[in-house]
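Student: Please find target-v1.cif (mmCIF, C-alpha atoms, pLDDT in the B column; chains and numbers go by the auth columns) on the next line:
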data_structure
#
loop_
_atom_site.group_PDB
_atom_site.id
_atom_site.type_symbol
_atom_site.label_atom_id
_atom_site.label_comp_id
_atom_site.label_asym_id
_atom_site.label_seq_id
_atom_site.Cartn_x
_atom_site.Cartn_y
_atom_site.Cartn_z
_atom_site.B_iso_or_equiv
_atom_site.auth_seq_id
_atom_site.auth_asym_id
ATOM 1 C CA MET A 1 -147.834 -106.454 -114.308 55.00 1 S
ATOM 2 C CA THR A 2 -146.039 -103.536 -112.689 91.00 2 S
ATOM 3 C CA TYR A 3 -143.271 -104.833 -110.451 97.00 3 S
ATOM 4 C CA SER A 4 -140.857 -102.907 -108.259 98.00 4 S
ATOM 5 C CA VAL A 5 -137.522 -104.527 -107.356 98.00 5 S
ATOM 6 C CA ASN A 6 -136.565 -104.171 -103.704 98.00 6 S
ATOM 7 C CA CYS A 7 -132.870 -103.486 -104.052 98.00 7 S
ATOM 8 C CA SER A 8 -132.194 -103.963 -100.345 98.00 8 S
ATOM 9 C CA ILE A 9 -132.908 -107.690 -100.457 98.00 9 S
ATOM 10 C CA LEU A 10 -132.343 -108.484 -104.149 98.00 10 S
ATOM 11 C CA LEU A 11 -129.155 -108.044 -106.207 98.00 11 S
ATOM 12 C CA THR A 12 -127.142 -107.935 -102.979 98.00 12 S
ATOM 13 C CA GLU A 13 -124.086 -109.399 -104.705 98.00 13 S
ATOM 14 C CA LEU A 14 -123.596 -105.888 -106.077 98.00 14 S
ATOM 15 C CA PRO A 15 -122.757 -102.707 -104.173 98.00 15 S
ATOM 16 C CA LEU A 16 -125.967 -100.976 -103.161 98.00 16 S
ATOM 17 C CA LEU A 17 -125.588 -98.070 -105.563 98.00 17 S
ATOM 18 C CA GLU A 18 -125.116 -100.412 -108.541 98.00 18 S
ATOM 19 C CA ARG A 19 -128.353 -102.277 -107.960 98.00 19 S
ATOM 20 C CA PRO A 20 -130.776 -99.801 -109.579 98.00 20 S
ATOM 21 C CA ALA A 21 -128.871 -100.100 -112.880 98.00 21 S
ATOM 22 C CA ALA A 22 -128.883 -103.889 -112.540 98.00 22 S
ATOM 23 C CA ALA A 23 -132.640 -103.859 -112.021 97.00 23 S
ATOM 24 C CA LYS A 24 -133.008 -101.725 -115.138 97.00 24 S
ATOM 25 C CA ALA A 25 -130.783 -104.096 -117.114 96.00 25 S
ATOM 26 C CA ALA A 26 -133.036 -106.962 -116.021 95.00 26 S
ATOM 27 C CA GLY A 27 -136.012 -105.174 -117.552 95.00 27 S
ATOM 28 C CA PHE A 28 -137.564 -103.365 -114.592 96.00 28 S
ATOM 29 C CA ASP A 29 -138.417 -99.680 -114.446 97.00 29 S
ATOM 30 C CA ALA A 30 -139.121 -99.333 -110.717 98.00 30 S
ATOM 31 C CA VAL A 31 -137.160 -99.980 -107.531 98.00 31 S
ATOM 32 C CA GLU A 32 -137.716 -99.667 -103.815 98.00 32 S
ATOM 33 C CA PHE A 33 -135.354 -99.657 -100.839 98.00 33 S
ATOM 34 C CA TRP A 34 -135.234 -100.173 -97.123 98.00 34 S
ATOM 35 C CA TRP A 35 -133.399 -97.264 -95.474 98.00 35 S
ATOM 36 C CA PRO A 36 -130.126 -97.209 -97.456 98.00 36 S
ATOM 37 C CA PHE A 37 -127.987 -95.258 -94.990 98.00 37 S
ATOM 38 C CA GLU A 38 -126.286 -96.045 -91.686 97.00 38 S
ATOM 39 C CA THR A 39 -127.749 -93.037 -89.877 98.00 39 S
ATOM 40 C CA SER A 40 -131.137 -91.335 -89.750 98.00 40 S
ATOM 41 C CA VAL A 41 -129.637 -88.121 -91.139 98.00 41 S
ATOM 42 C CA PRO A 42 -126.999 -88.922 -93.779 98.00 42 S
ATOM 43 C CA THR A 43 -124.667 -86.330 -95.227 98.00 43 S
ATOM 44 C CA ASP A 44 -125.665 -84.371 -98.298 97.00 44 S
ATOM 45 C CA ALA A 45 -123.004 -86.254 -100.260 98.00 45 S
ATOM 46 C CA GLU A 46 -124.422 -89.638 -99.224 98.00 46 S
ATOM 47 C CA THR A 47 -127.919 -88.548 -100.156 98.00 47 S
ATOM 48 C CA SER A 48 -126.782 -87.223 -103.526 98.00 48 S
ATOM 49 C CA ARG A 49 -124.951 -90.439 -104.385 98.00 49 S
ATOM 50 C CA PHE A 50 -128.066 -92.473 -103.637 98.00 50 S
ATOM 51 C CA GLU A 51 -130.327 -90.185 -105.650 98.00 51 S
ATOM 52 C CA ASN A 52 -127.901 -90.144 -108.582 98.00 52 S
ATOM 53 C CA ALA A 53 -127.803 -93.935 -108.625 98.00 53 S
ATOM 54 C CA ILE A 54 -131.577 -93.929 -109.118 98.00 54 S
ATOM 55 C CA THR A 55 -131.745 -91.217 -111.742 98.00 55 S
ATOM 56 C CA ASP A 56 -128.656 -92.374 -113.656 98.00 56 S
ATOM 57 C CA ALA A 57 -130.148 -95.868 -113.919 98.00 57 S
ATOM 58 C CA GLY A 58 -133.329 -94.473 -115.417 98.00 58 S
ATOM 59 C CA VAL A 59 -135.636 -96.137 -112.894 98.00 59 S
ATOM 60 C CA GLN A 60 -138.386 -94.769 -110.690 98.00 60 S
ATOM 61 C CA LEU A 61 -138.079 -94.988 -106.905 98.00 61 S
ATOM 62 C CA THR A 62 -141.527 -96.213 -105.842 98.00 62 S
ATOM 63 C CA GLY A 63 -140.911 -97.010 -102.185 98.00 63 S
ATOM 64 C CA LEU A 64 -138.542 -96.068 -99.376 98.00 64 S
ATOM 65 C CA ASN A 65 -138.431 -97.079 -95.718 98.00 65 S
ATOM 66 C CA PHE A 66 -137.887 -94.691 -92.874 98.00 66 S
ATOM 67 C CA ASN A 67 -134.838 -95.638 -90.824 98.00 67 S
ATOM 68 C CA ALA A 68 -135.654 -98.863 -88.981 98.00 68 S
ATOM 69 C CA GLY A 69 -132.507 -99.099 -86.848 97.00 69 S
ATOM 70 C CA ASP A 70 -130.084 -102.006 -87.022 97.00 70 S
ATOM 71 C CA MET A 71 -132.119 -104.463 -89.084 95.00 71 S
ATOM 72 C CA PRO A 72 -129.451 -107.231 -89.169 94.00 72 S
ATOM 73 C CA GLY A 73 -129.196 -106.855 -85.395 96.00 73 S
ATOM 74 C CA GLY A 74 -132.924 -107.362 -84.942 96.00 74 S
ATOM 75 C CA ASP A 75 -134.290 -103.820 -84.877 97.00 75 S
ATOM 76 C CA ARG A 76 -137.582 -103.315 -86.676 98.00 76 S
ATOM 77 C CA GLY A 77 -138.310 -99.627 -86.675 98.00 77 S
ATOM 78 C CA LEU A 78 -138.172 -96.433 -84.631 98.00 78 S
ATOM 79 C CA VAL A 79 -141.852 -95.475 -84.653 98.00 79 S
ATOM 80 C CA SER A 80 -142.556 -96.757 -81.128 98.00 80 S
ATOM 81 C CA TRP A 81 -138.971 -96.679 -79.813 98.00 81 S
ATOM 82 C CA ILE A 82 -138.951 -94.589 -76.661 98.00 82 S
ATOM 83 C CA GLY A 83 -135.775 -92.527 -76.586 97.00 83 S
ATOM 84 C CA ARG A 84 -135.455 -92.095 -80.341 97.00 84 S
ATOM 85 C CA GLY A 85 -138.527 -89.990 -81.103 95.00 85 S
ATOM 86 C CA SER A 86 -136.623 -86.856 -82.079 96.00 86 S
ATOM 87 C CA GLU A 87 -134.301 -88.923 -84.264 98.00 87 S
ATOM 88 C CA PHE A 88 -137.271 -90.421 -86.069 98.00 88 S
ATOM 89 C CA GLN A 89 -138.769 -87.015 -86.704 95.00 89 S
ATOM 90 C CA ASP A 90 -135.433 -85.770 -88.065 98.00 90 S
ATOM 91 C CA ASN A 91 -135.457 -88.779 -90.370 98.00 91 S
ATOM 92 C CA VAL A 92 -138.901 -87.776 -91.642 98.00 92 S
ATOM 93 C CA ASP A 93 -137.465 -84.581 -93.090 97.00 93 S
ATOM 94 C CA VAL A 94 -134.729 -86.496 -94.908 98.00 94 S
ATOM 95 C CA VAL A 95 -137.170 -89.071 -96.274 98.00 95 S
ATOM 96 C CA ALA A 96 -139.541 -86.383 -97.507 98.00 96 S
ATOM 97 C CA GLY A 97 -136.653 -84.574 -99.184 98.00 97 S
ATOM 98 C CA ILE A 98 -135.539 -87.675 -101.057 98.00 98 S
ATOM 99 C CA GLY A 99 -139.109 -88.480 -101.996 98.00 99 S
ATOM 100 C CA GLY A 100 -139.747 -84.993 -103.257 98.00 100 S
ATOM 101 C CA ARG A 101 -136.657 -84.944 -105.446 98.00 101 S
ATOM 102 C CA LEU A 102 -137.201 -88.441 -106.873 98.00 102 S
ATOM 103 C CA GLY A 103 -140.979 -88.434 -107.162 98.00 103 S
ATOM 104 C CA CYS A 104 -141.452 -91.214 -104.610 98.00 104 S
ATOM 105 C CA THR A 105 -144.664 -91.084 -102.569 98.00 105 S
ATOM 106 C CA ALA A 106 -144.801 -94.375 -100.590 98.00 106 S
ATOM 107 C CA PHE A 107 -142.860 -94.618 -97.329 98.00 107 S
ATOM 108 C CA ASN A 108 -142.788 -97.639 -95.023 98.00 108 S
ATOM 109 C CA ALA A 109 -142.613 -96.901 -91.285 98.00 109 S
ATOM 110 C CA LEU A 110 -141.741 -100.058 -89.382 98.00 110 S
ATOM 111 C CA TYR A 111 -143.467 -99.908 -86.003 98.00 111 S
ATOM 112 C CA GLY A 112 -140.619 -101.079 -83.767 98.00 112 S
ATOM 113 C CA ASN A 113 -140.101 -103.877 -81.254 98.00 113 S
ATOM 114 C CA ARG A 114 -141.463 -103.938 -77.737 98.00 114 S
ATOM 115 C CA GLN A 115 -138.917 -102.526 -75.298 98.00 115 S
ATOM 116 C CA GLU A 116 -138.025 -103.906 -71.901 96.00 116 S
ATOM 117 C CA GLY A 117 -138.679 -101.355 -69.192 96.00 117 S
ATOM 118 C CA HIS A 118 -141.494 -99.608 -71.053 98.00 118 S
ATOM 119 C CA LEU A 119 -145.195 -100.361 -71.088 98.00 119 S
ATOM 120 C CA PRO A 120 -146.725 -101.230 -74.470 98.00 120 S
ATOM 121 C CA GLU A 121 -149.214 -98.412 -73.906 98.00 121 S
ATOM 122 C CA GLU A 122 -146.356 -95.917 -73.653 98.00 122 S
ATOM 123 C CA GLN A 123 -144.851 -97.131 -76.896 98.00 123 S
ATOM 124 C CA ASP A 124 -148.201 -97.082 -78.663 98.00 124 S
ATOM 125 C CA GLU A 125 -148.799 -93.495 -77.564 98.00 125 S
ATOM 126 C CA LEU A 126 -145.434 -92.466 -78.984 98.00 126 S
ATOM 127 C CA ALA A 127 -146.249 -94.327 -82.191 98.00 127 S
ATOM 128 C CA VAL A 128 -149.384 -92.238 -82.676 98.00 128 S
ATOM 129 C CA THR A 129 -147.323 -89.065 -82.378 98.00 129 S
ATOM 130 C CA ASN A 130 -144.593 -90.299 -84.704 98.00 130 S
ATOM 131 C CA LEU A 131 -146.907 -91.699 -87.358 98.00 131 S
ATOM 132 C CA ALA A 132 -148.888 -88.473 -87.431 98.00 132 S
ATOM 133 C CA ALA A 133 -145.660 -86.497 -87.782 98.00 133 S
ATOM 134 C CA ALA A 134 -144.421 -88.766 -90.551 98.00 134 S
ATOM 135 C CA ALA A 135 -147.706 -88.491 -92.408 98.00 135 S
ATOM 136 C CA ALA A 136 -147.660 -84.700 -92.100 98.00 136 S
ATOM 137 C CA GLY A 137 -144.055 -84.610 -93.254 98.00 137 S
ATOM 138 C CA VAL A 138 -144.671 -86.515 -96.472 98.00 138 S
ATOM 139 C CA ALA A 139 -148.115 -85.030 -97.121 98.00 139 S
ATOM 140 C CA ARG A 140 -146.487 -81.943 -98.595 96.00 140 S
ATOM 141 C CA ILE A 141 -145.124 -84.087 -101.454 98.00 141 S
ATOM 142 C CA GLY A 142 -148.335 -86.073 -101.853 98.00 142 S
ATOM 143 C CA GLY A 143 -146.869 -88.968 -99.882 98.00 143 S
ATOM 144 C CA THR A 144 -148.410 -91.845 -97.954 98.00 144 S
ATOM 145 C CA VAL A 145 -147.021 -93.571 -94.871 98.00 145 S
ATOM 146 C CA LEU A 146 -147.291 -97.357 -94.905 98.00 146 S
ATOM 147 C CA LEU A 147 -147.654 -99.582 -91.847 98.00 147 S
ATOM 148 C CA GLU A 148 -146.619 -103.226 -92.155 97.00 148 S
ATOM 149 C CA PRO A 149 -147.245 -106.460 -90.250 98.00 149 S
ATOM 150 C CA VAL A 150 -143.939 -108.338 -90.030 97.00 150 S
ATOM 151 C CA SER A 151 -142.895 -111.934 -89.356 97.00 151 S
ATOM 152 C CA GLY A 152 -139.719 -113.344 -87.812 96.00 152 S
ATOM 153 C CA ALA A 153 -139.331 -110.624 -85.172 96.00 153 S
ATOM 154 C CA PRO A 154 -140.517 -111.962 -81.800 95.00 154 S
ATOM 155 C CA ARG A 155 -140.884 -108.534 -80.154 97.00 155 S
ATOM 156 C CA TYR A 156 -142.639 -106.853 -83.092 98.00 156 S
ATOM 157 C CA PRO A 157 -146.289 -106.344 -82.068 98.00 157 S
ATOM 158 C CA LEU A 158 -148.008 -105.937 -85.444 98.00 158 S
ATOM 159 C CA LEU A 159 -148.424 -109.463 -86.803 98.00 159 S
ATOM 160 C CA THR A 160 -151.780 -109.220 -88.575 98.00 160 S
ATOM 161 C CA ALA A 161 -153.558 -106.878 -90.917 98.00 161 S
ATOM 162 C CA ALA A 162 -156.085 -106.183 -88.168 97.00 162 S
ATOM 163 C CA ALA A 163 -153.344 -105.067 -85.775 98.00 163 S
ATOM 164 C CA ALA A 164 -151.865 -102.652 -88.299 98.00 164 S
ATOM 165 C CA LEU A 165 -155.268 -101.360 -89.349 98.00 165 S
ATOM 166 C CA GLY A 166 -156.124 -100.803 -85.693 98.00 166 S
ATOM 167 C CA VAL A 167 -153.119 -98.518 -85.339 98.00 167 S
ATOM 168 C CA ILE A 168 -154.050 -96.699 -88.537 98.00 168 S
ATOM 169 C CA THR A 169 -157.578 -96.148 -87.252 98.00 169 S
ATOM 170 C CA ARG A 170 -156.302 -94.874 -83.910 98.00 170 S
ATOM 171 C CA VAL A 171 -153.938 -92.384 -85.544 98.00 171 S
ATOM 172 C CA LYS A 172 -156.726 -91.174 -87.799 98.00 172 S
ATOM 173 C CA ASP A 173 -159.210 -90.827 -84.939 98.00 173 S
ATOM 174 C CA GLU A 174 -156.791 -89.046 -82.597 98.00 174 S
ATOM 175 C CA THR A 175 -154.978 -86.792 -85.060 98.00 175 S
ATOM 176 C CA GLY A 176 -157.102 -86.567 -88.203 98.00 176 S
ATOM 177 C CA THR A 177 -154.334 -88.135 -90.286 98.00 177 S
ATOM 178 C CA GLU A 178 -155.594 -89.452 -93.627 97.00 178 S
ATOM 179 C CA ASN A 179 -152.465 -90.505 -95.555 98.00 179 S
ATOM 180 C CA LEU A 180 -151.636 -93.686 -93.632 98.00 180 S
ATOM 181 C CA ARG A 181 -152.294 -97.071 -95.239 98.00 181 S
ATOM 182 C CA LEU A 182 -151.630 -100.782 -94.908 98.00 182 S
ATOM 183 C CA LEU A 183 -148.604 -102.380 -96.541 98.00 183 S
ATOM 184 C CA ALA A 184 -149.791 -105.879 -97.398 98.00 184 S
ATOM 185 C CA ASP A 185 -146.762 -108.145 -97.547 98.00 185 S
ATOM 186 C CA PHE A 186 -148.297 -111.461 -98.552 98.00 186 S
ATOM 187 C CA TYR A 187 -145.283 -113.408 -97.295 98.00 187 S
ATOM 188 C CA HIS A 188 -145.277 -111.912 -93.799 98.00 188 S
ATOM 189 C CA LEU A 189 -149.049 -112.224 -93.476 98.00 189 S
ATOM 190 C CA SER A 190 -149.018 -115.845 -94.579 98.00 190 S
ATOM 191 C CA VAL A 191 -146.138 -116.846 -92.289 97.00 191 S
ATOM 192 C CA ASN A 192 -147.965 -115.247 -89.373 97.00 192 S
ATOM 193 C CA GLY A 193 -151.006 -117.443 -90.050 97.00 193 S
ATOM 194 C CA GLU A 194 -153.179 -114.773 -91.645 97.00 194 S
ATOM 195 C CA ASP A 195 -155.982 -115.700 -94.038 98.00 195 S
ATOM 196 C CA VAL A 196 -154.486 -113.634 -96.857 98.00 196 S
ATOM 197 C CA GLY A 197 -157.424 -114.255 -99.171 98.00 197 S
ATOM 198 C CA ALA A 198 -159.793 -112.799 -96.594 98.00 198 S
ATOM 199 C CA VAL A 199 -157.544 -109.780 -96.053 98.00 199 S
ATOM 200 C CA ILE A 200 -157.612 -109.156 -99.795 98.00 200 S
ATOM 201 C CA GLU A 201 -161.384 -109.473 -99.976 98.00 201 S
ATOM 202 C CA ASP A 202 -161.859 -107.046 -97.098 97.00 202 S
ATOM 203 C CA HIS A 203 -159.102 -104.507 -97.664 96.00 203 S
ATOM 204 C CA ALA A 204 -157.572 -104.628 -101.171 96.00 204 S
ATOM 205 C CA ARG A 205 -158.972 -101.207 -102.006 90.00 205 S
ATOM 206 C CA ASP A 206 -157.212 -99.849 -98.953 87.00 206 S
ATOM 207 C CA PHE A 207 -153.776 -101.340 -99.610 97.00 207 S
ATOM 208 C CA GLY A 208 -151.082 -98.713 -99.866 98.00 208 S
ATOM 209 C CA HIS A 209 -148.618 -101.233 -101.286 98.00 209 S
ATOM 210 C CA ILE A 210 -148.209 -104.971 -101.876 98.00 210 S
ATOM 211 C CA GLN A 211 -144.987 -106.926 -101.455 98.00 211 S
ATOM 212 C CA ILE A 212 -144.431 -110.580 -102.277 98.00 212 S
ATOM 213 C CA ALA A 213 -142.173 -113.538 -101.554 98.00 213 S
ATOM 214 C CA ASP A 214 -143.001 -117.226 -101.607 98.00 214 S
ATOM 215 C CA SER A 215 -143.222 -119.485 -98.584 97.00 215 S
ATOM 216 C CA PRO A 216 -141.595 -121.461 -97.138 96.00 216 S
ATOM 217 C CA GLY A 217 -138.196 -119.843 -97.505 96.00 217 S
ATOM 218 C CA ARG A 218 -138.951 -116.262 -98.576 98.00 218 S
ATOM 219 C CA GLY A 219 -137.800 -117.177 -102.065 97.00 219 S
ATOM 220 C CA ALA A 220 -138.867 -116.147 -105.545 97.00 220 S
ATOM 221 C CA PRO A 221 -142.428 -116.698 -106.746 97.00 221 S
ATOM 222 C CA GLY A 222 -142.865 -120.371 -107.614 95.00 222 S
ATOM 223 C CA SER A 223 -140.294 -121.591 -105.101 96.00 223 S
ATOM 224 C CA GLY A 224 -142.931 -122.276 -102.444 96.00 224 S
ATOM 225 C CA ASN A 225 -146.631 -122.925 -102.253 97.00 225 S
ATOM 226 C CA LEU A 226 -148.294 -119.531 -101.917 98.00 226 S
ATOM 227 C CA PRO A 227 -150.876 -118.653 -104.613 97.00 227 S
ATOM 228 C CA LEU A 228 -149.225 -115.305 -105.252 97.00 228 S
ATOM 229 C CA GLY A 229 -150.572 -114.919 -108.769 96.00 229 S
ATOM 230 C CA GLU A 230 -154.134 -115.483 -107.614 97.00 230 S
ATOM 231 C CA TRP A 231 -153.745 -113.063 -104.725 98.00 231 S
ATOM 232 C CA ILE A 232 -152.297 -110.372 -106.964 97.00 232 S
ATOM 233 C CA SER A 233 -155.012 -110.819 -109.587 97.00 233 S
ATOM 234 C CA ARG A 234 -157.761 -110.647 -106.991 97.00 234 S
ATOM 235 C CA SER A 235 -156.245 -107.538 -105.440 97.00 235 S
ATOM 236 C CA ARG A 236 -156.266 -105.928 -108.885 96.00 236 S
ATOM 237 C CA GLU A 237 -159.876 -106.945 -109.451 97.00 237 S
ATOM 238 C CA LEU A 238 -160.858 -105.320 -106.168 97.00 238 S
ATOM 239 C CA GLY A 239 -159.178 -102.029 -106.946 95.00 239 S
ATOM 240 C CA TYR A 240 -155.494 -102.182 -106.033 96.00 240 S
ATOM 241 C CA ALA A 241 -153.640 -100.321 -108.769 95.00 241 S
ATOM 242 C CA GLY A 242 -150.144 -99.882 -107.342 96.00 242 S
ATOM 243 C CA HIS A 243 -146.838 -101.659 -107.816 97.00 243 S
ATOM 244 C CA ILE A 244 -146.078 -105.178 -106.636 98.00 244 S
ATOM 245 C CA GLY A 245 -142.877 -105.050 -104.624 98.00 245 S
ATOM 246 C CA LEU A 246 -140.492 -107.967 -105.174 98.00 246 S
ATOM 247 C CA GLU A 247 -139.060 -108.535 -101.711 98.00 247 S
ATOM 248 C CA TYR A 248 -137.610 -112.032 -101.693 98.00 248 S
ATOM 249 C CA LYS A 249 -134.228 -113.744 -101.410 97.00 249 S
ATOM 250 C CA GLU A 250 -132.714 -115.178 -104.580 97.00 250 S
ATOM 251 C CA PRO A 251 -129.232 -115.038 -106.140 97.00 251 S
ATOM 252 C CA ALA A 252 -128.877 -112.355 -108.768 95.00 252 S
ATOM 253 C CA GLU A 253 -128.224 -114.908 -111.507 95.00 253 S
ATOM 254 C CA THR A 254 -131.676 -116.445 -111.100 95.00 254 S
ATOM 255 C CA ALA A 255 -133.505 -113.630 -109.327 96.00 255 S
ATOM 256 C CA PHE A 256 -135.991 -113.007 -112.109 96.00 256 S
ATOM 257 C CA ALA A 257 -136.026 -116.346 -113.920 94.00 257 S
ATOM 258 C CA TRP A 258 -139.702 -116.781 -112.980 93.00 258 S
ATOM 259 C CA ALA A 259 -140.708 -113.570 -114.748 86.00 259 S
ATOM 260 C CA ILE A 260 -140.764 -112.943 -118.486 60.00 260 S
ATOM 261 C CA ARG A 261 -139.063 -109.593 -118.801 55.00 261 S
ATOM 262 C CA PRO A 262 -137.437 -107.739 -121.733 51.00 262 S
ATOM 263 C CA HIS A 263 -133.737 -107.561 -120.894 50.00 263 S
ATOM 264 C CA VAL A 264 -131.896 -104.390 -121.765 46.00 264 S
ATOM 265 C CA ALA A 265 -128.715 -104.775 -123.775 43.00 265 S
ATOM 266 C CA GLY A 266 -125.629 -103.730 -121.861 40.00 266 S
#
Is it possible to express this structure as structure tokens?
Tutor:
Amino acid sequence: MTYSVNCSILLTELPLLERPAAAKAAGFDAVEFWWPFETSVPTDAETSRFENAITDAGVQLTGLNFNAGDMPGGDRGLVSWIGRGSEFQDNVDVVAGIGGRLGCTAFNALYGNRQEGHLPEEQDELAVTNLAAAAAGVARIGGTVLLEPVSGAPRYPLLTAAAALGVITRVKDETGTENLRLLADFYHLSVNGEDVGAVIEDHARDFGHIQIADSPGRGAPGSGNLPLGEWISRSRELGYAGHIGLEYKEPAETAFAWAIRPHVAG
């Protein structure tokens, strides 16, 4: 099984730039991150430190989020955020640069919350423009933009696979964009009441990425009651060949106790 450790939610006892090496020491060769900077356009020095942490650890960056705003404060993306469109497009250039230098080709664009004072239709129109721009920006490095249903964010409009796929279809129809795919986070889909098995049967070949956590609790596999192993196996059978992103909450000491991994001597 090819797992990718999300170092923005796991190994958080360590400073961010030490987490790729910790993932490697735990036996993993791939990592992914939410946006790891405080601004959409970090300094060259900040970018270099992040990239060096990946390369020095000897791991592959397999996924990176576009800037999603203040996530702890409740923000969930800039894609449909009226007033921050130019900032998002500036962020696209930075993301594509990092991806190009590190060989990363999967980029998660969180859609954004509904805004008071703006019609949903206005936000959705902006989202089409921004998603097309993001897809064009990463296309030059062979990249794909991922769109994700999310749970636990009351103003986030994409709760189901169908909602996300509807946006993807609209962007494709209106702009001709081809490199936009569904991020299937089995935890979020399940918590939102989705029939995850049916989503897999209908769309596994079209998944751009899979992420997992158990439910209830968003803990490690085996801590809840989701049939994650069955869902992963079925997705593989139906053609999904990418990484499985580990995006759950668990103390570093026991983060990977469920998985049999070869540990690297320190």
Student: Closest to Asn113 in chain S among S:Arg49, S:Arg101, S:Arg181, S:Arg76, using only C-alpha atoms?
Tutor: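 For Asn113 in chain S, the nearest of the candidates is S:Arg76.
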Student: Need the neighbours of (-147.9, -111.5, -102.8): which residues are at most 6 Å away, counting all atoms listed in the file, as a VMD selection string?
Tutor: chain S and resid 186 211 to 212 228
Student: Just say which residues the PyMOL selection byres ((chain S and resi 173-180) around 7) picks in this file, as number ranges by chain.
Tutor: S: 132, 135, 144-146, 168-172, 181
Student: Skipping near chain neighbours, those fewer than 6 positions away, what residues fall within 10 Å of Ala204 in chain S using all atoms listed in the file, listed as a PyMOL selection string?
Tutor: chain S and resi 182+184+197-198+210+231-232+234-241
Student: So the first atom is CA of Gly219 in chain S and the second is CA of Ser8 in chain S; what is the distance between them in Å, to one decimal place?
Tutor: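 Separation of CA of Gly219 in chain S and CA of Ser8 in chain S: 14.5 Å.
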Student: Give me, as a VMD selection string, all polymer residues having an atom no more than 7 Å from Lys249 in chain S, counting all atoms listed in the file and skipping those fewer than 6 positions away in the same chain.
Tutor: chain S and resid 9 to 10 218 to 220
Student: If you apply the PyMOL selection byres ((chain S and resi 36) around 10) to this file, what residues do you get, as a PyMOL selection string?
Tutor: chain S and resi 7-8+16-17+33-35+37-40+42+46-47+50+64-67
Student: Pull out every residue that the PyMOL selection byres ((chain S and resi 163) around 12) matches in the shown coordinates and put them as a PyMOL selection string.
Tutor: chain S and resi 111+124+147-150+156-162+164-170+182+189+194
Student: For the point (-125.5, -101.1, -113.3) in file coordinates, what residues are within 12 Å, counting all atoms listed in the file? Give the answer as an MDAnalysis selection string?
Tutor: chainID S and resid 11 14:26 53:59 264:266
Student: Of the residues S:Gly137, S:Gly152, S:Pro227, S:Gly208, which is the one nearest to Asp93 in chain S, using all atoms listed in the file?
Tutor: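 Among the listed residues, S:Gly137 lies closest to Asp93 in chain S.
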Student: Between CA of Arg114 in chain S and CA of Ser80 in chain S, what distance in Å does the model show, to one decimal?
Tutor: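 Result for CA of Arg114 in chain S versus CA of Ser80 in chain S: 8.0 Å, one decimal.
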Student: Need to verify the contact set: Asp75 in chain S, 9 Å, all atoms listed in the file, exclusion of same-chain residues closer than 3 positions in sequence. Can you return it as a ChimeraX atom specification?
Tutor: /S:68-72,78,112-113,153
